[in-house]
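In what follows, a structure is listed as structure tokens, so that the remarks can point back to it.
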Amino acid sequence: MLDFKKQPLEAQLAALLDGETTPEQKLELESRLATDENARKIYDKLRHGVDFGRRKLDDMLKEPVPLALVRSIKSTQPPKTPIAQRNARPQLKLAPNGRQALAAALILFVVGGGIGYFIGNAPDADEAAPVAASPQVNTNDWLGDVTAFQRLLVRQPRHLVEVPASQAEEISSWLTTAIGVPFRVPDLSAESWTFQGARVILGDNRPVGQLVYSNTDGDIISICFRKDAQPPETEDFKETIRDEIGLVTWHNAGTSYVLAGPSAEATLGQLAMEIAAAI
């Protein structure tokens with residue numbers, strides 16, 4: 001079996017996206033994504049391609065299969081002349097039934113469309129540069145990065161922050177300058193959460209402020225925020241669960257926020273509302 005670490009970085013990141021890595025490989029790749037900008041760019045491109053392919057596949061599967069194609073496949077008969085054996089190998093019967101043949105035809109159609117998409121969207125394609133350079137597109141890709149960093153925090157409880165809570169003035173001036181967003185550190189002690197300090201992370205290749213809290217049970221939550229021109233109709237206090245991580249998102253005055261914590265924490269939504277009023 002090919003050594004996973006000897007495979008190209010693109011193949012390793014593709015395996016991470018498909019959930020085909022071991023826990024150790026997953027942790028190692030997430031740690032690399034946290035520090036390697038080139039790896040993050042490759043990961044983002046792969047993730048965009050997977051999302052696009054899934055949407056296109058869903059659209060194609062909704063379209064009816066042409067009746068002429070179905071009839072042609074079902075009417076195909078297996079060869080009547082047996083295939084001569086060679087070197088005493090067992091004879092294989094390659095006579096699919098109608099359902100199997102139809103499924104094979106659909107798979108070939110989807111694969112062909114996928115190859116055409118990736119060829120057409122190669123870096124030297126004429127349309128690639130304008131799409132990549134467009135600053136108007138708003139995405140939620142940063143939530144994937146926030147989730148990855150939150151998993152790292154949970155696994156490294158002794159190294160939670162870059163600047164500790166005792167340096168409150170440093171945190172305020174540092175994050176305000178780095179993120180470009182004024183804020184206040186919410187006091188969550190009444191809810192048994194103790195402020196530990198702050199970090200600056202990257203979300204979709206943009207700086208994100210991260211305020212980190214913990215409780216006596218060893219659980220960790222973080223408040224992440226960045227400048228972002230969200231449309232007025234964006235849904236506030238939307239809860240999302242990504243495996244063991246729960247996310248609550250909202251926005252206000254040109255700033256996007258997300259509260260990340262254990263998905264088993266039932267009070268994340270209520271806590272997010274309190275934070276929104278205090279931050």
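Scheme for the structure tokens: letters A, B, ... for chains in order shown; per-chain residue numbers from 1; ligand numbers from 1 in order shown.
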query: Near stretch 186-193 of chain A, within 10 Å and counting only C-alpha atoms, which residues show up once chain neighbours fewer than 5 positions away are dropped, as a PyMOL selection string?
result: chain A and resi 211-217+219-221+223+267+271+274-279
Just to be explicit: take each residue in the selection above, keep C-alpha atoms, and write the result as a compact mmCIF listing (two decimals), in the first residue's frame.
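Written out: part_27.txt:
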```txt
# COMPACT_ATOMS: atom_id res chain seq x y z
CA LEU A 211 -11.52 35.28 21.70
CA VAL A 212 -11.12 32.01 23.62
CA TYR A 213 -13.01 30.88 26.75
CA SER A 214 -13.02 27.69 28.84
CA ASN A 215 -15.04 26.25 31.72
CA THR A 216 -14.29 23.97 34.68
CA ASP A 217 -15.31 20.90 32.65
CA ASP A 219 -14.85 22.65 27.37
CA ILE A 220 -13.68 25.43 25.04
CA ILE A 221 -15.64 28.02 23.08
CA ILE A 223 -15.87 34.02 19.48
CA THR A 267 -27.05 26.79 25.24
CA LEU A 271 -25.04 32.41 24.62
CA GLU A 274 -25.81 37.49 24.94
CA ILE A 275 -22.42 37.88 23.25
CA ALA A 276 -23.96 39.87 20.38
CA ALA A 277 -25.34 42.36 22.89
CA ALA A 278 -22.03 42.64 24.77
CA ILE A 279 -19.34 42.58 22.08
```
field: Contacts of A:Lys238 within 8 Å, only C-alpha atoms, excl. fewer than 6 positions in-chain, as number ranges by chain
entry: A: 247-250
- prompt: What gap, in Å, lies between atom CA of A:Pro164 and atom CA of A:Phe237?
  reply: 28.0 Å
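Separating atom CA of A:Phe52 from atom CA of A:Leu29 is a distance of 22.9 Å.
Atom pair atom CA of A:Tyr257 / atom CA of A:Ile241 has a distance of 15.8 Å (rounded to one decimal).
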